[in-house]
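> The structure is given below, and queries will be raised subsequently.
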Amino acid sequence: MSLLMDGASAANTVTARTTRGKSTVREWTEFFVTLVIMVFFIRVTTVEAFRIPTGSMENTLLVGDFLLVNKFIYGIRTPDWIGIPFTDIGFSVPSTRLPAPSQVKPGDIVVFKYPLDRTLNYIKRCVAIPGQVVEIRNRQLYVDGAVFENPPDSKFTGPRPIQPGLAERGIFSPLGDAWNHDNFGPITVPAGNYFMMGDNRDNSADSRYWGFLPEEDIVGKALIIYFSWDKNRSIAEFYKSVRFSRIGDWIY
């Protein structure tokens with residue numbers, strides 16, 4: 001009798017362990033699935049991380065700065081593409097933007113889909129909103145006839161401005177005017193569009209070259225630098241390559 005009882009107890013023990021094992025696997029699976037969904041939801045609706053790959057916003061933003069971008073402030077934008085993450089497998093879907101707590105203002109640093117290739121994300125400073133008149137005279141930016149002060153950390157790398165009347169190849173000029181990036185306009189920003197410029201005025205592919213930014217291509221507002229490193233340093237100097245002084249800086 002005792003042997004039979006011992007056998008039943010052992011069987012029950014094995015069954016209990018199996019059940020607990022399956023329960024543990026299920027719990028972890030549910031946890032990771034929930035985590036992935038939460039991360040995806042936050043990434044789509046609230047904040048997303050981006051890295052600065054070029055110097056077009058120097059010295060406000062440097063190559064190797066890692067940013068958090070507020071995607072909520074200009075209105076949550078529903079996904080326009082559904083597919084397998086980190087691959088090109090997927091398809092486009094209609095997208096819409098929900099009501100926004102705030103609108104893009106001149107001076108905001110904005111992440112957006114590059115109008116000439118919407119698979120790429122660009123970051124520039126908004127200098128003019130719909131209905132405003134943009135003009136650049138000898139490098140000085142004017143909006144509605146008033147001086148638009150250069151950002152504190154902006155810069156010019158060329159020795160002198162390009163002369164007025166000298167047409168620059170690739171410049172945005174709807175009527176074929178002889179404009180260049182130092183002498184541009186005047187031109188009025190149409191409804192539903194914005195005029196964007198990089199803080200590195202002489203090295204930025206911005207609205208002076210590809211035109212106006214449609215509102216539907218806006219992704220969000222640059223918020224904070226959460227990490228920064230100088231990629232030009234060797235791995236042996238990794239600690240020195242981290243720009244600790246920039247970590248936690250708010251972006252203006």
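Numbering starts fresh at 1 for the residues of each chain in the structure tokens, the chains themselves are lettered A, B, ... in the order given, and ligands are numbered from 1 as they appear.
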Can you tell me, as an NGL selection string, which residues in range 77-163 of chain A count as strand (DSSP E or B) by DSSP?
:A and (77 or 81-83 or 90-92 or 97 or 109-113 or 121-128 or 133-137 or 140-143 or 146-147 or 155)
> Using only C-alpha atoms, pick whichever of A:Ile225, A:Val25, A:Ala236, A:Ile129 has the shortest atom-to-atom distance to Thr188 in chain A.
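The shortest atom-to-atom distance to Thr188 in chain A comes from A:Ile129.
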> Using 12 Å as the limit and counting only C-alpha atoms, can you tabulate each residue of range 90-179 of chain A that touches range 191-214 of chain A, with its shortest atom-to-atom distance in Å and the two atoms involved, as CSV?

```
residue,atom,partner,partner_atom,distance
A:Gln103,CA,A:Tyr194,CA,11.3
A:Val104,CA,A:Tyr194,CA,8.6
A:Lys105,CA,A:Tyr194,CA,9.4
A:Pro106,CA,A:Phe195,CA,9.0
A:Gly107,CA,A:Met196,CA,9.5
A:Asp108,CA,A:Met196,CA,9.6
A:Ile109,CA,A:Met196,CA,9.0
A:Val110,CA,A:Met196,CA,8.6
A:Val111,CA,A:Met196,CA,10.4
A:Phe112,CA,A:Leu213,CA,8.4
A:Lys113,CA,A:Leu213,CA,8.8
A:Tyr114,CA,A:Leu213,CA,8.2
A:Pro115,CA,A:Leu213,CA,6.8
A:Leu116,CA,A:Trp210,CA,7.5
A:Asp117,CA,A:Trp210,CA,10.9
A:Arg118,CA,A:Pro214,CA,11.4
A:Tyr122,CA,A:Asp206,CA,9.2
A:Ile123,CA,A:Gly198,CA,7.9
A:Lys124,CA,A:Gly198,CA,5.0
A:Arg125,CA,A:Met197,CA,5.3
A:Cys126,CA,A:Met196,CA,4.5
A:Val127,CA,A:Met196,CA,5.8
A:Ala128,CA,A:Phe195,CA,5.1
A:Ile129,CA,A:Tyr194,CA,4.8
A:Pro130,CA,A:Ala191,CA,4.9
A:Gly131,CA,A:Ala191,CA,6.4
A:Gln132,CA,A:Tyr194,CA,9.1
A:Val133,CA,A:Phe195,CA,9.7
A:Val134,CA,A:Phe195,CA,8.0
A:Glu135,CA,A:Arg208,CA,10.3
A:Ile136,CA,A:Arg208,CA,9.9
A:Asn138,CA,A:Arg201,CA,11.9
A:Arg139,CA,A:Arg201,CA,8.3
A:Gln140,CA,A:Arg201,CA,10.3
A:Leu141,CA,A:Met197,CA,10.2
A:Val143,CA,A:Phe195,CA,10.4
A:Phe148,CA,A:Met197,CA,11.9
A:Glu149,CA,A:Asp199,CA,11.3
A:Asn150,CA,A:Asp199,CA,7.9
A:Pro151,CA,A:Asp199,CA,7.0
A:Pro152,CA,A:Asp199,CA,9.3
A:Asp153,CA,A:Asp199,CA,7.5
A:Ser154,CA,A:Asp199,CA,4.6
A:Lys155,CA,A:Asn200,CA,5.1
A:Phe156,CA,A:Arg201,CA,5.5
A:Thr157,CA,A:Asp202,CA,6.0
A:Gly158,CA,A:Asp202,CA,6.5
A:Pro159,CA,A:Asp202,CA,10.1
A:Arg160,CA,A:Asp202,CA,10.4
A:Pro161,CA,A:Asp202,CA,9.4
A:Ile162,CA,A:Asp202,CA,10.5
A:Glu168,CA,A:Tyr209,CA,9.6
A:Arg169,CA,A:Tyr209,CA,9.1
A:Gly170,CA,A:Tyr209,CA,6.0
A:Ile171,CA,A:Tyr209,CA,4.4
A:Phe172,CA,A:Tyr209,CA,4.6
A:Ser173,CA,A:Gly211,CA,8.3
A:Pro174,CA,A:Gly211,CA,8.9
A:Trp179,CA,A:Arg208,CA,9.2
```
> Return as a PyMOL selection string the full set of residues in range 41-223 of chain A whose backbone-based DSSP assignment is alpha helix (DSSP H).
chain A and resi 41-45+207-210
> How many Å separate CA of Asn180 in chain A from CA of Gln163 in chain A?
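One can read the CA of Asn180 in chain A to CA of Gln163 in chain A distance as 8.4 Å.
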> Can you pull out every residue within 12 Å of Tyr239 in chain A, counting only C-alpha atoms, but drop anything in the same chain fewer than 4 positions away, and send it as a PyMOL selection string?
chain A and resi 228-231+233-235+243-244
